[in-house]
Amino acid sequence: EENYLVLRVKDFKNEKGKLPDNFDVVFIGDYPETFKKIFEKQSGKKITGIKEEKYYYKNRLLSEIKFIKESSKKIKNNDVVFFFPSFEAILRSFSDEWEKGMKIIFSLIGERSQHIYFIFPYITPDKNVSLFKKRIEKVCKEKKINFVDFSEIFGKDWIKYYSISDKIFKPLPDEEGYKVASEKLLNYLKWRKFS
């Protein structure tokens with residue numbers, strides 16, 4: 001549609017510091033509602049969910065950037081932010097365009113919080129998705145963003161959580177998979193159960 005979105009963003013590099021004593025957790029982006037509920041229950045923390053309800057543009061990446069720009073105001077300084085990229089945006093973008101888009105998104109979230117986790121829950125044999133994952137992992141390393149890849153969390157067991165049948169798989173895990181991912185993620189974060 002020849003839409004352009006012009007934003008002024010700061011060059012951003014996350015400063016990974018110690019988590020504050022008191023913090024809230026924010027899930028933002030295209031997060032699975034089931035995972036949010038399970039993570040909330042296992043962590044004992046109330047999670048604020050900020051989800052894109054409508055798409056502004058046919059270009060999903062532009063839409064996602066606009067959504068983050070408007071929604072990041074809800075993030076407070078001590079919040080720990082889990083960002084979930086839109087699967088639609090990945091499938092409908094070029095990898096270099098998407099990489100630039102993620103840098104913008106990190107910068108917008110980084111203006112509000114220094115505790116950012118990029119969550120990549122998708123497992124698929126699609127070569128484009130693998131390419132996107134590699135590129136974003138590189139960006140996360142450059143920007144010092146915590147990159148959480150479900151395929152690493154599950155290892156060889158991923159098949160049982162993502163399979164519909166012997167040869168058919170879905171891009172997101174089942175409920176049991178979310179429970180395992182949540183447990184492993186909490187162990188990785190070394191969070192204690194909060195009251």
# chains A, B, ... in the order shown; residues from 1 in each chain; ligands from 1
call {"tool": "residues_around", "arguments": {"residues": "region 22-33 of chain A", "least_positions_apart": "3", "cutoff": "10 Å", "atoms": "only C-alpha atoms", "output": "PyMOL selection string"}}
result
chain A and resi 19+36-40+43+45-53+64-65+67-68+71-72+74-89+109+115-117+119-121+172-173+178+194
call {"tool": "select_by_dssp", "arguments": {"residues": "region 18-190 of chain A", "states": "alpha helix (DSSP H)", "output": "number ranges by chain"}}
result
A: 33-43, 60-71, 87-91, 95-110, 127-143, 150-154, 158-162, 175-189
call {"tool": "select_by_dssp", "arguments": {"residues": "chain A", "states": "strand (DSSP E or B)", "output": "list in words"}}
result
Val25, Val26, Phe27, Ile28, Gly29, Ile47, Thr48, Gly49, Ile50, Lys51, Val80, Val81, Phe82, Phe83, Phe84, His115, Ile116, Tyr117, Phe118, Ile119, Phe120, Asn146, Phe147, Val148, Asp149, Ser163 and Phe169 of chain A
call {"tool": "residues_around", "arguments": {"residues": "Lys179 (chain A)", "least_positions_apart": "4", "cutoff": "9 Å", "atoms": "only C-alpha atoms", "output": "ChimeraX atom specification"}}
result
/A:35,38-39,42,174-175,183-184
call {"tool": "residues_around", "arguments": {"residues": "Phe150 (chain A)", "least_positions_apart": "2", "cutoff": "9 Å", "atoms": "only C-alpha atoms", "output": "CSV table (one decimal) with all heavy atoms, in the first residue's frame"}}
result
chain,number,residue,atom,x,y,z
A,119,ILE,N,11.2,-13.8,23.2
A,119,ILE,CA,10.8,-15.2,23.3
A,119,ILE,C,10.4,-15.7,21.8
A,119,ILE,O,9.6,-15.1,21.2
A,119,ILE,CB,9.5,-15.4,24.2
A,119,ILE,CG1,9.7,-14.7,25.5
A,119,ILE,CG2,9.1,-16.8,24.3
A,119,ILE,CD1,10.7,-15.3,26.4
A,120,PHE,N,11.1,-16.8,21.4
A,120,PHE,CA,10.8,-17.4,20.1
A,120,PHE,C,10.2,-18.8,20.3
A,120,PHE,O,10.9,-19.7,20.5
A,120,PHE,CB,12.1,-17.4,19.3
A,120,PHE,CG,11.8,-17.6,17.8
A,120,PHE,CD1,11.6,-16.5,17.0
A,120,PHE,CD2,11.8,-18.8,17.2
A,120,PHE,CE1,11.4,-16.6,15.7
A,120,PHE,CE2,11.5,-19.0,15.9
A,120,PHE,CZ,11.3,-17.8,15.1
A,121,PRO,N,8.8,-18.8,20.4
A,121,PRO,CA,8.2,-20.1,20.7
A,121,PRO,C,7.9,-21.0,19.5
A,121,PRO,O,7.5,-22.1,19.6
A,121,PRO,CB,6.9,-19.7,21.3
A,121,PRO,CG,6.5,-18.4,20.6
A,121,PRO,CD,7.9,-17.7,20.3
A,122,TYR,N,8.2,-20.5,18.3
A,122,TYR,CA,7.9,-21.2,17.1
A,122,TYR,C,8.9,-22.2,16.6
A,122,TYR,O,10.1,-21.9,16.6
A,122,TYR,CB,7.7,-20.2,15.9
A,122,TYR,CG,6.8,-19.0,16.3
A,122,TYR,CD1,7.4,-17.7,16.4
A,122,TYR,CD2,5.5,-19.2,16.6
A,122,TYR,CE1,6.6,-16.6,16.8
A,122,TYR,CE2,4.7,-18.1,17.0
A,122,TYR,CZ,5.2,-16.8,17.1
A,122,TYR,OH,4.5,-15.8,17.5
A,123,ILE,N,8.4,-23.4,16.3
A,123,ILE,CA,9.3,-24.5,15.8
A,123,ILE,C,8.6,-24.9,14.5
A,123,ILE,O,7.4,-25.3,14.5
A,123,ILE,CB,9.5,-25.6,16.7
A,123,ILE,CG1,10.2,-25.2,18.0
A,123,ILE,CG2,10.3,-26.7,16.0
A,123,ILE,CD1,10.5,-26.3,19.0
A,148,VAL,N,15.3,-16.2,24.1
A,148,VAL,CA,14.8,-17.5,24.6
A,148,VAL,C,14.2,-18.3,23.5
A,148,VAL,O,13.2,-17.9,22.9
A,148,VAL,CB,13.8,-17.3,25.8
A,148,VAL,CG1,13.3,-18.6,26.3
A,148,VAL,CG2,14.4,-16.5,26.9
A,152,GLU,N,15.5,-24.8,21.9
A,152,GLU,CA,16.6,-25.1,22.9
A,152,GLU,C,16.0,-25.6,24.2
A,152,GLU,O,16.6,-26.5,24.8
A,152,GLU,CB,17.5,-23.9,23.1
A,152,GLU,CG,18.4,-23.6,21.9
A,152,GLU,CD,19.3,-22.5,22.2
A,152,GLU,OE1,19.6,-22.1,23.3
A,152,GLU,OE2,19.8,-21.9,21.2
A,153,ILE,N,14.9,-25.0,24.6
A,153,ILE,CA,14.3,-25.4,25.8
A,153,ILE,C,13.8,-26.9,25.8
A,153,ILE,O,14.0,-27.7,26.7
A,153,ILE,CB,13.1,-24.5,26.2
A,153,ILE,CG1,13.6,-23.2,26.7
A,153,ILE,CG2,12.1,-25.2,27.2
A,153,ILE,CD1,12.5,-22.2,27.0
A,154,PHE,N,13.2,-27.3,24.6
A,154,PHE,CA,12.7,-28.7,24.5
A,154,PHE,C,13.7,-29.7,24.0
A,154,PHE,O,13.6,-30.8,24.3
A,154,PHE,CB,11.5,-28.7,23.5
A,154,PHE,CG,10.3,-28.0,24.0
A,154,PHE,CD1,9.7,-26.9,23.3
A,154,PHE,CD2,9.7,-28.3,25.2
A,154,PHE,CE1,8.6,-26.3,23.7
A,154,PHE,CE2,8.6,-27.6,25.7
A,154,PHE,CZ,8.0,-26.6,25.0
A,155,GLY,N,14.7,-29.2,23.2
A,155,GLY,CA,15.7,-30.1,22.7
A,155,GLY,C,15.0,-31.1,21.8
A,155,GLY,O,14.1,-30.8,21.0
A,158,TRP,N,11.0,-31.8,21.4
A,158,TRP,CA,10.1,-30.8,20.8
A,158,TRP,C,8.9,-31.5,20.1
A,158,TRP,O,7.8,-31.1,20.1
A,158,TRP,CB,10.8,-29.8,20.0
A,158,TRP,CG,11.2,-30.4,18.6
A,158,TRP,CD1,12.4,-30.9,18.3
A,158,TRP,CD2,10.5,-30.4,17.4
A,158,TRP,NE1,12.5,-31.3,17.0
A,158,TRP,CE2,11.3,-31.0,16.4
A,158,TRP,CE3,9.2,-30.0,17.0
A,158,TRP,CZ2,10.9,-31.2,15.1
A,158,TRP,CZ3,8.8,-30.1,15.7
A,158,TRP,CH2,9.6,-30.7,14.8
A,181,ALA,N,8.0,-25.6,29.2
A,181,ALA,CA,8.7,-24.4,28.8
A,181,ALA,C,8.7,-23.4,30.0
A,181,ALA,O,9.7,-22.8,30.3
A,181,ALA,CB,8.1,-23.7,27.6
call {"tool": "atom_distance", "arguments": {"atom1": "CA of Leu185 (chain A)", "atom2": "CA of Glu111 (chain A)"}}
result
24.6 Å
call {"tool": "closest_residue", "arguments": {"among": "A:Lys66, A:Lys156, A:Lys41, A:Lys73", "to": "Ile105 (chain A)", "atoms": "only C-alpha atoms"}}
result
A:Lys66
call {"tool": "atom_distance", "arguments": {"atom1": "CA of Leu186 (chain A)", "atom2": "CA of Asn146 (chain A)"}}
result
13.5 Å
